[in-house]
file input_10.cif (mmCIF, C-alpha atoms and all ligand atoms)
data_my_file
loop_
_atom_site.label_atom_id
_atom_site.label_comp_id
_atom_site.auth_asym_id
_atom_site.auth_seq_id
_atom_site.Cartn_x
_atom_site.Cartn_y
_atom_site.Cartn_z
CA VAL A 1 32.46 -8.42 -7.61
CA ILE A 2 28.75 -7.80 -8.02
CA PRO A 3 27.34 -5.96 -5.03
CA GLU A 4 25.13 -8.36 -3.09
CA ALA A 5 22.23 -5.90 -3.15
CA LEU A 6 22.37 -5.65 -6.94
CA LEU A 7 22.46 -9.40 -7.37
CA TYR A 8 19.44 -9.66 -5.14
CA GLU A 9 17.65 -7.02 -7.21
CA ALA A 10 18.50 -8.70 -10.53
CA LYS A 11 17.09 -12.01 -9.26
CA ALA A 12 13.97 -10.36 -7.92
CA TRP A 13 13.16 -8.89 -11.35
CA LYS A 14 13.78 -12.05 -13.36
CA HIS A 15 10.12 -13.06 -13.45
CA CYS A 16 8.56 -9.62 -13.19
CA ASP A 17 5.01 -9.26 -14.47
CA LYS A 18 4.29 -5.69 -13.33
CA CYS A 19 3.40 -4.47 -16.82
CA ARG A 20 2.16 -5.78 -20.15
CA LEU A 21 5.66 -5.88 -21.68
CA SER A 22 6.17 -9.03 -19.61
CA ARG A 23 3.69 -10.88 -21.84
CA THR A 24 5.69 -10.46 -25.03
CA ARG A 25 9.31 -10.31 -23.85
CA ARG A 26 11.72 -13.20 -24.04
CA ARG A 27 14.04 -12.01 -21.29
CA VAL A 28 14.12 -9.37 -18.62
CA VAL A 29 17.13 -7.27 -19.55
CA TYR A 30 18.61 -6.20 -16.23
CA GLY A 31 21.65 -3.89 -16.28
CA SER A 32 25.16 -4.93 -17.08
CA GLY A 33 28.72 -3.65 -16.84
CA ARG A 34 31.04 -2.82 -13.98
CA TYR A 35 29.79 -1.95 -10.56
CA ALA A 36 32.38 0.13 -8.74
CA VAL A 37 32.07 2.79 -11.41
CA PRO A 38 31.23 6.51 -11.42
CA LEU A 39 28.99 6.37 -14.52
CA VAL A 40 25.55 4.85 -14.95
CA ILE A 41 24.14 4.92 -18.48
CA LEU A 42 20.36 4.98 -18.48
CA GLY A 43 19.06 3.83 -21.86
CA GLN A 44 15.50 3.66 -23.14
CA ALA A 45 14.48 0.04 -23.65
CA PRO A 46 15.85 -3.28 -24.82
CA GLY A 47 15.57 -3.95 -28.55
CA ALA A 48 15.11 -7.29 -30.31
CA GLU A 49 18.80 -8.16 -29.94
CA GLU A 50 18.78 -7.33 -26.22
CA ASP A 51 15.60 -9.42 -25.80
CA LYS A 52 17.54 -12.38 -27.22
CA THR A 53 20.79 -11.90 -25.34
CA GLY A 54 19.54 -10.43 -22.05
CA LYS A 55 22.14 -7.63 -22.19
CA PRO A 56 21.54 -3.92 -22.86
CA PHE A 57 22.95 -2.06 -25.88
CA GLN A 58 23.73 -5.05 -28.11
CA GLY A 59 21.99 -4.02 -31.36
CA ARG A 60 22.78 -1.31 -33.92
CA ALA A 61 22.08 1.56 -31.52
CA GLY A 62 24.28 -0.11 -28.90
CA LYS A 63 27.11 -0.45 -31.40
CA LEU A 64 26.88 3.24 -32.28
CA ILE A 65 27.11 4.46 -28.68
CA ARG A 66 29.85 1.92 -27.88
CA LYS A 67 31.89 3.06 -30.90
CA THR A 68 31.39 6.76 -30.08
CA PHE A 69 32.63 6.16 -26.53
CA GLU A 70 35.55 4.18 -27.94
CA ASP A 71 36.46 7.07 -30.24
CA ILE A 72 36.81 9.34 -27.23
CA GLY A 73 38.86 6.77 -25.34
CA PHE A 74 36.23 5.30 -23.02
CA ASP A 75 35.24 1.66 -22.79
CA MET A 76 31.50 1.46 -22.20
CA GLU A 77 32.06 -1.71 -20.18
CA ASP A 78 33.54 0.62 -17.56
CA ALA A 79 30.07 1.95 -16.86
CA PHE A 80 26.92 0.25 -15.60
CA THR A 81 24.12 0.25 -18.15
CA VAL A 82 20.43 -0.09 -17.42
CA ASN A 83 17.24 0.93 -19.25
CA THR A 84 14.05 2.77 -18.25
CA VAL A 85 12.20 -0.48 -18.99
CA ALA A 86 13.75 -3.93 -18.75
CA CYS A 87 11.56 -5.63 -21.35
CA PHE A 88 11.44 -5.26 -25.13
CA PRO A 89 8.47 -3.13 -26.26
CA PRO A 90 6.93 -5.01 -29.22
CA GLY A 91 7.75 -3.51 -32.60
CA ASN A 92 10.56 -1.56 -30.94
CA ARG A 93 8.21 1.26 -29.99
CA ALA A 94 9.11 3.71 -27.23
CA PRO A 95 7.98 2.64 -23.76
CA VAL A 96 4.97 4.53 -22.41
CA ALA A 97 4.83 6.26 -19.02
CA SER A 98 2.89 3.45 -17.29
CA GLU A 99 5.58 0.94 -18.33
CA VAL A 100 8.40 3.22 -17.18
CA ASN A 101 6.60 3.76 -13.88
CA ALA A 102 6.18 0.01 -13.39
CA CYS A 103 9.91 -0.44 -13.98
CA ARG A 104 11.24 2.55 -12.15
CA LYS A 105 11.97 0.65 -8.95
CA LEU A 106 14.43 -1.43 -10.95
CA PHE A 107 16.57 1.43 -12.22
CA ASP A 108 16.05 3.55 -9.10
CA ALA A 109 17.41 0.71 -6.94
CA ALA A 110 20.35 0.06 -9.27
CA ILE A 111 21.30 3.76 -9.16
CA ARG A 112 20.92 3.94 -5.39
CA ILE A 113 23.08 0.87 -4.90
CA LEU A 114 25.80 2.06 -7.29
CA GLN A 115 25.81 5.75 -6.22
CA PRO A 116 27.33 7.01 -9.50
CA SER A 117 28.82 10.49 -9.76
CA LEU A 118 26.97 10.93 -13.07
CA ILE A 119 23.97 9.39 -14.85
CA LEU A 120 23.93 9.70 -18.63
CA ALA A 121 20.31 9.66 -19.83
CA VAL A 122 20.28 8.38 -23.40
CA GLY A 123 17.23 9.79 -25.16
CA ALA A 124 13.98 11.57 -24.41
CA VAL A 125 12.37 8.85 -22.30
CA PRO A 126 15.28 8.51 -19.83
CA LEU A 127 15.61 12.32 -19.72
CA THR A 128 12.02 12.68 -18.55
CA ALA A 129 12.12 9.66 -16.24
CA LEU A 130 15.17 10.98 -14.46
CA THR A 131 14.78 14.77 -14.47
CA GLY A 132 11.12 15.45 -15.24
CA GLU A 133 12.25 17.67 -18.13
CA VAL A 134 10.75 17.29 -21.59
CA GLY A 135 12.59 17.91 -24.87
CA ILE A 136 15.94 16.30 -25.60
CA GLY A 137 16.90 18.96 -28.17
CA LYS A 138 16.65 21.62 -25.48
CA HIS A 139 18.07 19.75 -22.52
CA HIS A 140 20.89 17.61 -23.89
CA GLY A 141 24.46 18.47 -22.97
CA LYS A 142 23.64 20.28 -19.72
CA MET A 143 24.22 19.16 -16.18
CA LEU A 144 20.79 18.64 -14.63
CA PRO A 145 19.56 17.35 -11.30
CA GLY A 146 18.31 13.78 -11.69
CA TYR A 147 16.08 12.11 -9.14
CA VAL A 148 15.48 8.56 -8.00
CA PHE A 149 13.15 7.36 -5.27
CA ASN A 150 14.10 5.31 -2.26
CA ASP A 151 11.83 2.66 -0.73
CA ALA A 152 10.25 5.28 1.52
CA GLY A 153 9.26 7.27 -1.57
CA GLU A 154 11.77 10.03 -0.84
CA LEU A 155 13.84 11.60 -3.61
CA GLU A 156 17.57 11.21 -3.85
CA GLU A 157 19.39 13.62 -6.15
CA PHE A 158 22.13 12.69 -8.62
CA LYS A 159 23.99 14.62 -11.29
CA ALA A 160 22.48 13.86 -14.70
CA LEU A 161 23.37 14.64 -18.30
CA ALA A 162 21.14 13.81 -21.25
CA THR A 163 21.96 13.11 -24.85
CA PHE A 164 20.25 11.96 -28.04
CA HIS A 165 19.24 8.36 -28.50
CA PRO A 166 21.49 6.54 -30.99
CA SER A 167 18.46 4.93 -32.71
CA GLY A 168 17.21 8.42 -33.57
CA LEU A 169 20.64 9.31 -34.98
CA LEU A 170 20.62 6.17 -37.11
CA ARG A 171 17.19 7.09 -38.45
CA SER A 172 17.78 10.80 -39.08
CA HIS A 173 21.44 10.80 -40.15
CA SER A 174 21.57 14.31 -38.67
CA LYS A 175 25.20 15.46 -38.76
CA GLU A 176 24.49 18.16 -36.24
CA ARG A 177 22.93 15.79 -33.72
CA THR A 178 25.62 13.17 -34.27
CA ALA A 179 28.28 15.80 -33.48
CA ALA A 180 26.34 16.93 -30.41
CA PHE A 181 26.00 13.30 -29.29
CA LYS A 182 29.79 12.88 -29.38
CA GLN A 183 30.24 16.14 -27.51
CA ASP A 184 27.75 15.10 -24.82
CA LEU A 185 29.49 11.74 -24.37
CA SER A 186 32.85 13.54 -24.11
CA LEU A 187 31.44 15.79 -21.40
CA ALA A 188 30.16 12.71 -19.54
CA VAL A 189 33.59 11.07 -19.71
CA GLU A 190 35.36 14.28 -18.63
CA THR A 191 32.96 14.63 -15.72
CA VAL A 192 33.61 11.15 -14.37
CA THR A 193 37.34 10.94 -15.11
CA GLY A 194 38.52 14.56 -14.91
N1 LIG B 1 19.73 -0.92 -26.39
C1 LIG B 1 19.38 -0.74 -25.12
O1 LIG B 1 19.53 -1.62 -24.30
N2 LIG B 1 18.86 0.44 -24.77
C2 LIG B 1 18.68 1.43 -25.61
O2 LIG B 1 18.21 2.48 -25.21
C3 LIG B 1 19.04 1.23 -26.95
C4 LIG B 1 19.56 0.04 -27.31
#
call {"tool": "encode", "arguments": {"input": "input_10.cif", "output": "structure tokens"}}
result
Amino acid sequence: VIPEALLYEAKAWKHCDKCRLSRTRRRVVYGSGRYAVPLVILGQAPGAEEDKTGKPFQGRAGKLIRKTFEDIGFDMEDAFTVNTVACFPPGNRAPVASEVNACRKLFDAAIRILQPSLILAVGAVPLTALTGEVGIGKHHGKMLPGYVFNDAGELEEFKALATFHPSGLLRSHSKERTAAFKQDLSLAVETVTG
């Protein structure tokens, strides 16, 4: 059952025009997955495939993270997935700070409604949006405090863990980072199930 508050939020964002990404997107990609779950996965941005389907993590990067979770015995559908921006940045570029700031009420509200025991920040942009830290190479794989705002502008703290973005792994073919990615995902699963 979708929490009423989340349904309300998803509807409210359907026609959002708070930033320039709204001019080129096809669909607002709200979150998806299960709701009464301990894990929220915070991705970076929808890609071309997500822009078509309206669901996060559908393209090549999505397949890689889904498969890595599967290999460690976790079905990604058992988490709720949302991105730092809900609209496809043209050319698949990284979202810039003004776009993330325009969208932050969306993921902040989803996280507040779901109250996960862990947020997995997938990539450098979600790491910074959630924790204020910069540098995924330095900060991945560690439990960090993550912060979201409530409507009064006050901070609420959640447990956060960051990892590399699967698109970067697909580009670099770094064995070391791919192994670290799997280890980070395992730690996330252990934290929410163990
Ligand atoms: N698909 C998404 O929805 N988000 C990402 O960060 C990557 C792929």
call {"tool": "residues_near_ligand", "arguments": {"input": "input_10.cif", "ligand": "ligand LIG 1 (chain B)", "cutoff": "7 Å", "atoms": "only C-alpha atoms and all ligand atoms", "output": "VMD selection string"}}
result
chain A and resid 43 to 47 50 55 to 59 61 to 62 83 122 165 167
call {"tool": "residues_around", "arguments": {"input": "input_10.cif", "residues": "Arg27 (chain A)", "least_positions_apart": "3", "cutoff": "7 Å", "atoms": "only C-alpha atoms", "output": "list in words"}}
result
Asp51, Lys52, Gly54 and Cys87 of chain A
call {"tool": "atom_distance", "arguments": {"input": "input_10.cif", "atom1": "CA of Asp78 (chain A)", "atom2": "CA of Gly194 (chain A)"}}
result
15.0 Å
call {"tool": "closest_residue", "arguments": {"input": "input_10.cif", "among": "A:Lys105, A:Lys138, A:Arg25, A:Lys67", "to": "Arg177 (chain A)", "atoms": "all atoms listed in the file"}}
result
A:Lys138
call {"tool": "residues_around", "arguments": {"input": "input_10.cif", "residues": "region 141-156 of chain A", "least_positions_apart": "5", "cutoff": "9 Å", "atoms": "only C-alpha atoms", "output": "list in words"}}
result
Arg104, Lys105, Phe107, Asp108, Ala109, Ile111, Arg112, Ile119, Leu127, Ala129, Leu130, Thr131, Gly132, Leu161, Ala162, Thr163, Ala180, Phe181, Gln183, Asp184, Leu185, Leu187 and Ala188 of chain A
call {"tool": "write_last_selection", "arguments": {"input": "input_10.cif", "atoms": "C-alpha atoms", "output": "PDB file, in the frame of the given file"}}
result
ATOM      1  CA  ARG A 104      11.240   2.550 -12.150  1.00  0.00           C
ATOM      2  CA  LYS A 105      11.970   0.650  -8.950  1.00  0.00           C
ATOM      3  CA  PHE A 107      16.570   1.430 -12.220  1.00  0.00           C
ATOM      4  CA  ASP A 108      16.050   3.550  -9.100  1.00  0.00           C
ATOM      5  CA  ALA A 109      17.410   0.710  -6.940  1.00  0.00           C
ATOM      6  CA  ILE A 111      21.300   3.760  -9.160  1.00  0.00           C
ATOM      7  CA  ARG A 112      20.920   3.940  -5.390  1.00  0.00           C
ATOM      8  CA  ILE A 119      23.970   9.390 -14.850  1.00  0.00           C
ATOM      9  CA  LEU A 127      15.610  12.320 -19.720  1.00  0.00           C
ATOM     10  CA  ALA A 129      12.120   9.660 -16.240  1.00  0.00           C
ATOM     11  CA  LEU A 130      15.170  10.980 -14.460  1.00  0.00           C
ATOM     12  CA  THR A 131      14.780  14.770 -14.470  1.00  0.00           C
ATOM     13  CA  GLY A 132      11.120  15.450 -15.240  1.00  0.00           C
ATOM     14  CA  LEU A 161      23.370  14.640 -18.300  1.00  0.00           C
ATOM     15  CA  ALA A 162      21.140  13.810 -21.250  1.00  0.00           C
ATOM     16  CA  THR A 163      21.960  13.110 -24.850  1.00  0.00           C
ATOM     17  CA  ALA A 180      26.340  16.930 -30.410  1.00  0.00           C
ATOM     18  CA  PHE A 181      26.000  13.300 -29.290  1.00  0.00           C
ATOM     19  CA  GLN A 183      30.240  16.140 -27.510  1.00  0.00           C
ATOM     20  CA  ASP A 184      27.750  15.100 -24.820  1.00  0.00           C
ATOM     21  CA  LEU A 185      29.490  11.740 -24.370  1.00  0.00           C
ATOM     22  CA  LEU A 187      31.440  15.790 -21.400  1.00  0.00           C
ATOM     23  CA  ALA A 188      30.160  12.710 -19.540  1.00  0.00           C
TER      24      ALA A 188
END
call {"tool": "closest_residue", "arguments": {"input": "input_10.cif", "among": "A:Ile41, A:Ala110, A:Ile65, A:Ile72", "to": "Ser186 (chain A)", "atoms": "only C-alpha atoms"}}
result
A:Ile72
call {"tool": "atom_distance", "arguments": {"input": "input_10.cif", "atom1": "CA of Ser22 (chain A)", "atom2": "CA of Val125 (chain A)"}}
result
19.1 Å
call {"tool": "atom_distance", "arguments": {"input": "input_10.cif", "atom1": "CA of Val96 (chain A)", "atom2": "CA of Lys63 (chain A)"}}
result
24.4 Å
call {"tool": "closest_residue", "arguments": {"input": "input_10.cif", "among": "A:Leu169, A:Ile2, A:Ala10, A:Ala102", "to": "Leu114 (chain A)", "atoms": "only C-alpha atoms"}}
result
A:Ile2
call {"tool": "closest_residue", "arguments": {"input": "input_10.cif", "among": "A:Gly91, A:Pro3, A:Gly135, A:Pro116", "to": "Leu21 (chain A)", "atoms": "all atoms listed in the file"}}
result
A:Gly91
call {"tool": "closest_residue", "arguments": {"input": "input_10.cif", "among": "A:Gly33, A:Pro38, A:Pro89, A:Gly137", "to": "Ala160 (chain A)", "atoms": "all atoms listed in the file"}}
result
A:Pro38
call {"tool": "closest_residue", "arguments": {"input": "input_10.cif", "among": "A:Met76, A:Ala97, A:Leu42, A:Leu106", "to": "Tyr30 (chain A)", "atoms": "all atoms listed in the file"}}
result
A:Leu106
